[in-house]
Every structure is written in structure tokens, then in C-alpha cells.
Amino acid sequence: MAFNYMTKTGYDKLRAELDGLKSNGRSEAAKAIAEAREKGDLSENAEYDAAKDAQGMLEAKINELELVMADARILDENDLDLSRVTILSKVRLMNKKVNKEISYTLVSKAESNLKERKISVDSPIGKGLLGQEVGDVVAITTPGGQIEFEVLEISLP
């Protein structure tokens, strides 16, 4: 069984999203279906079909989040080994191709957010960085081609 390792903050954020979908999301979906049902013949009612499709997508999202939460394991950032890149490590890198520094925090797929520079350990860059040490140069194959990164620093997020 694969665990979803995440921070307490990330876990709490997912829990809040799941609770919101279960309460507000479900009630809004039921209301939309009821309103569409009042408009007549269901066999030719596009609003009803759309509301039922939206309800199905909502339930799929709820199911997905419940699966993530069921396998969640909360990591304490203070217990991280900073000698190697691991999940929850903040890594300062030098992109050798363009000679530019960049920092990422490696997180679970559920917590990844590129705008916040949080990348999944399941992404090509995340997989390539896991286990590396300061000073290591690693060639990572990305959808845009192969890129060499030098690990400059490993720290807490």
C-alpha cells in the first residue's frame, strides 16, 4: 500500500475541502437537480442532465479525496533528515542548462502546487531529486527534454 505523506497543514486543507464538498457541494447539487426536475419532461431536459453530470463529478471528487485521506500519513518536518533530499525537503537547485537558481519543496501529489513551488515527489523532477545530496549533479528527463540540476542546499520548508 502506498502512503500519501503530507504536512499537517496540507492534511487540514484537504480535510476542509472534503468537508465542504460533502456538505455544501452535495446540497447545492441536490438543489440544482430539484430545480431542473421542476422544469418538465426529464427525457428532454438538458439542465437535468447537466445537474446529474455535475453531481457525478462531485461524488467522484469526494471519493478521490477520501482515498487520499485514508492513506494519508502526516510527517513532522522536525524529523526530516537534511543530508539527503526526501519528501518535505526544500531544495535549492542550479539549473545547469540556463545557469539559474530555483527552489522547490517536494510534497505529495495531493499537496503539489507549482505556483507555490511545491512539486510532487511523483513528478519527473521530484523522482530525480529524491535521495540526492548537496553537491550532486543529476540529469533529469522532463517532458521538455533532459535538464541537469546541481543540488545547492537542502533545508526545511
# chains A, B, ... in the order shown; residues from 1 in each chain; ligands from 1
>>> residues_around(residues="Ala50 in chain A", least_positions_apart="6", cutoff="10 Å", atoms="only C-alpha atoms", output="VMD selection string")
chain A and resid 32 to 33 36 56
>>> residues_around(residues="range 89-100 of chain A", least_positions_apart="4", cutoff="7 Å", atoms="only C-alpha atoms", output="number ranges by chain")
A: 85, 104-106, 147-157
>>> closest_residue(among="A:Gln146, A:Gln55, A:Ser112, A:Thr86", to="Glu28 in chain A", atoms="only C-alpha atoms")
A:Gln55
>>> closest_residue(among="A:Asp81, A:Asp122, A:Glu17, A:Asp12", to="Ile62 in chain A", atoms="only C-alpha atoms")
A:Glu17
>>> select_by_dssp(residues="chain A", states="strand (DSSP E or B)", output="PyMOL selection string")
chain A and resi 4-6+72-74+90-95+100-107+113+118-120+137-142+145-155
>>> write_last_selection(atoms="N, CA and C atoms", output="short mmCIF file (atom, residue, chain, number, x, y, z; two decimals), in the first residue's frame")
data_model
loop_
_atom_site.label_atom_id
_atom_site.label_comp_id
_atom_site.auth_asym_id
_atom_site.auth_seq_id
_atom_site.Cartn_x
_atom_site.Cartn_y
_atom_site.Cartn_z
N ASN A 4 0.25 8.39 1.36
CA ASN A 4 0.31 9.78 0.92
C ASN A 4 0.90 10.58 2.08
N TYR A 5 2.21 10.83 2.02
CA TYR A 5 2.86 11.59 3.07
C TYR A 5 2.59 13.07 2.86
N MET A 6 2.19 13.74 3.92
CA MET A 6 1.91 15.17 3.80
C MET A 6 2.12 15.88 5.12
N ALA A 72 -3.36 8.75 4.09
CA ALA A 72 -2.51 9.87 4.50
C ALA A 72 -1.70 9.53 5.75
N ARG A 73 -0.46 9.95 5.72
CA ARG A 73 0.43 9.86 6.87
C ARG A 73 1.05 11.23 7.05
N ILE A 74 0.85 11.81 8.23
CA ILE A 74 1.35 13.16 8.49
C ILE A 74 2.79 13.07 8.96
N LYS A 90 13.01 21.19 1.30
CA LYS A 90 13.10 22.36 0.42
C LYS A 90 14.49 22.29 -0.21
N VAL A 91 14.51 22.30 -1.53
CA VAL A 91 15.77 22.09 -2.25
C VAL A 91 16.06 23.31 -3.11
N ARG A 92 17.27 23.88 -2.91
CA ARG A 92 17.73 24.97 -3.78
C ARG A 92 18.62 24.34 -4.83
N LEU A 93 18.29 24.59 -6.09
CA LEU A 93 18.97 23.95 -7.22
C LEU A 93 19.56 24.97 -8.16
N MET A 94 20.56 24.52 -8.92
CA MET A 94 21.10 25.31 -10.03
C MET A 94 20.74 24.55 -11.30
N ASN A 95 19.94 25.19 -12.15
CA ASN A 95 19.62 24.61 -13.45
C ASN A 95 20.83 24.87 -14.33
N LYS A 100 20.59 29.08 -13.82
CA LYS A 100 19.67 29.85 -12.98
C LYS A 100 19.30 29.03 -11.75
N GLU A 101 19.23 29.71 -10.59
CA GLU A 101 18.84 29.04 -9.35
C GLU A 101 17.33 28.98 -9.23
N ILE A 102 16.86 27.89 -8.63
CA ILE A 102 15.43 27.71 -8.38
C ILE A 102 15.27 26.86 -7.13
N SER A 103 14.18 27.08 -6.40
CA SER A 103 13.92 26.29 -5.20
C SER A 103 12.57 25.61 -5.32
N TYR A 104 12.51 24.38 -4.83
CA TYR A 104 11.27 23.61 -4.78
C TYR A 104 11.16 22.95 -3.42
N THR A 105 9.93 22.73 -3.00
CA THR A 105 9.65 21.87 -1.85
C THR A 105 8.99 20.62 -2.40
N LEU A 106 9.52 19.46 -2.04
CA LEU A 106 8.96 18.20 -2.51
C LEU A 106 7.84 17.77 -1.57
N VAL A 107 6.67 17.56 -2.15
CA VAL A 107 5.48 17.22 -1.39
C VAL A 107 4.75 16.05 -2.04
N ASN A 113 1.68 22.17 -5.87
CA ASN A 113 1.16 23.45 -6.35
C ASN A 113 2.35 24.21 -6.93
N LYS A 118 5.81 24.01 -4.98
CA LYS A 118 5.69 22.71 -4.34
C LYS A 118 5.47 21.69 -5.44
N ILE A 119 6.44 20.80 -5.61
CA ILE A 119 6.32 19.79 -6.67
C ILE A 119 6.17 18.41 -6.05
N SER A 120 5.47 17.57 -6.76
CA SER A 120 5.21 16.21 -6.29
C SER A 120 6.46 15.35 -6.37
N VAL A 137 25.06 16.40 -8.89
CA VAL A 137 24.51 16.88 -10.16
C VAL A 137 23.73 15.72 -10.75
N VAL A 138 22.47 15.98 -11.05
CA VAL A 138 21.59 14.93 -11.55
C VAL A 138 20.95 15.36 -12.87
N ALA A 139 20.94 14.45 -13.84
CA ALA A 139 20.29 14.70 -15.13
C ALA A 139 18.90 14.11 -15.05
N ILE A 140 17.89 14.96 -15.28
CA ILE A 140 16.50 14.54 -15.17
C ILE A 140 15.81 14.72 -16.51
N THR A 141 15.14 13.67 -16.96
CA THR A 141 14.39 13.75 -18.21
C THR A 141 13.00 14.26 -17.90
N THR A 142 12.67 15.42 -18.47
CA THR A 142 11.36 16.04 -18.30
C THR A 142 10.65 16.05 -19.65
N GLY A 145 12.57 17.88 -22.21
CA GLY A 145 13.93 17.42 -22.51
C GLY A 145 14.71 17.16 -21.24
N GLN A 146 15.99 16.82 -21.42
CA GLN A 146 16.83 16.50 -20.27
C GLN A 146 17.43 17.78 -19.69
N ILE A 147 17.39 17.88 -18.37
CA ILE A 147 17.90 19.05 -17.66
C ILE A 147 18.84 18.55 -16.56
N GLU A 148 19.98 19.22 -16.41
CA GLU A 148 20.90 18.92 -15.31
C GLU A 148 20.69 19.92 -14.19
N PHE A 149 20.54 19.40 -12.98
CA PHE A 149 20.40 20.22 -11.79
C PHE A 149 21.53 19.88 -10.83
N GLU A 150 22.07 20.91 -10.18
CA GLU A 150 23.01 20.71 -9.09
C GLU A 150 22.29 21.06 -7.80
N VAL A 151 22.37 20.17 -6.81
CA VAL A 151 21.74 20.41 -5.52
C VAL A 151 22.65 21.34 -4.73
N LEU A 152 22.16 22.55 -4.44
CA LEU A 152 22.95 23.54 -3.72
C LEU A 152 22.68 23.53 -2.21
N GLU A 153 21.43 23.26 -1.85
CA GLU A 153 21.07 23.30 -0.43
C GLU A 153 19.81 22.47 -0.18
N ILE A 154 19.77 21.83 0.98
CA ILE A 154 18.59 21.08 1.41
C ILE A 154 18.21 21.66 2.78
N SER A 155 16.94 22.08 2.92
CA SER A 155 16.52 22.69 4.18
C SER A 155 15.07 22.32 4.47
#
>>> closest_residue(among="A:Gly25, A:Gly40, A:Gly20, A:Pro143", to="Ile125 in chain A", atoms="only C-alpha atoms")
A:Pro143
>>> residues_around(residues="range 63-69 of chain A", least_positions_apart="6", cutoff="10 Å", atoms="only C-alpha atoms", output="PyMOL selection string")
chain A and resi 3-5+11+14-15+17-18+21+57+109-110
>>> write_last_selection(atoms="C-alpha atoms", output="mmCIF file, in the first residue's frame")
data_model
loop_
_atom_site.group_PDB
_atom_site.id
_atom_site.type_symbol
_atom_site.label_atom_id
_atom_site.label_comp_id
_atom_site.auth_asym_id
_atom_site.auth_seq_id
_atom_site.Cartn_x
_atom_site.Cartn_y
_atom_site.Cartn_z
ATOM 1 C CA PHE A 3 1.014 6.119 1.619
ATOM 2 C CA ASN A 4 0.314 9.778 0.923
ATOM 3 C CA TYR A 5 2.865 11.590 3.075
ATOM 4 C CA TYR A 11 -3.844 17.373 5.579
ATOM 5 C CA LEU A 14 -7.687 18.540 2.232
ATOM 6 C CA ARG A 15 -9.945 17.738 5.193
ATOM 7 C CA GLU A 17 -12.089 20.743 1.157
ATOM 8 C CA LEU A 18 -13.619 17.294 1.648
ATOM 9 C CA LEU A 21 -17.791 19.178 -0.744
ATOM 10 C CA MET A 57 -18.276 14.635 -10.900
ATOM 11 C CA LYS A 109 0.818 14.640 -5.197
ATOM 12 C CA ALA A 110 -2.178 15.901 -3.210
#
>>> select_by_dssp(residues="range 5-124 of chain A", states="helix (DSSP H, G or I)", output="PyMOL selection string")
chain A and resi 8-37+42-44+46-70+77-79+109-111+114-116+124
>>> closest_residue(among="A:Lys8, A:Lys22, A:Lys31, A:Arg117", to="Tyr48 in chain A", atoms="only C-alpha atoms")
A:Lys31
>>> atom_distance(atom1="CA of Leu114 in chain A", atom2="CA of Lys13 in chain A")
16.6 Å
>>> closest_residue(among="A:Ala70, A:Lys52, A:Ser23, A:Glu77", to="Arg37 in chain A", atoms="only C-alpha atoms")
A:Lys52
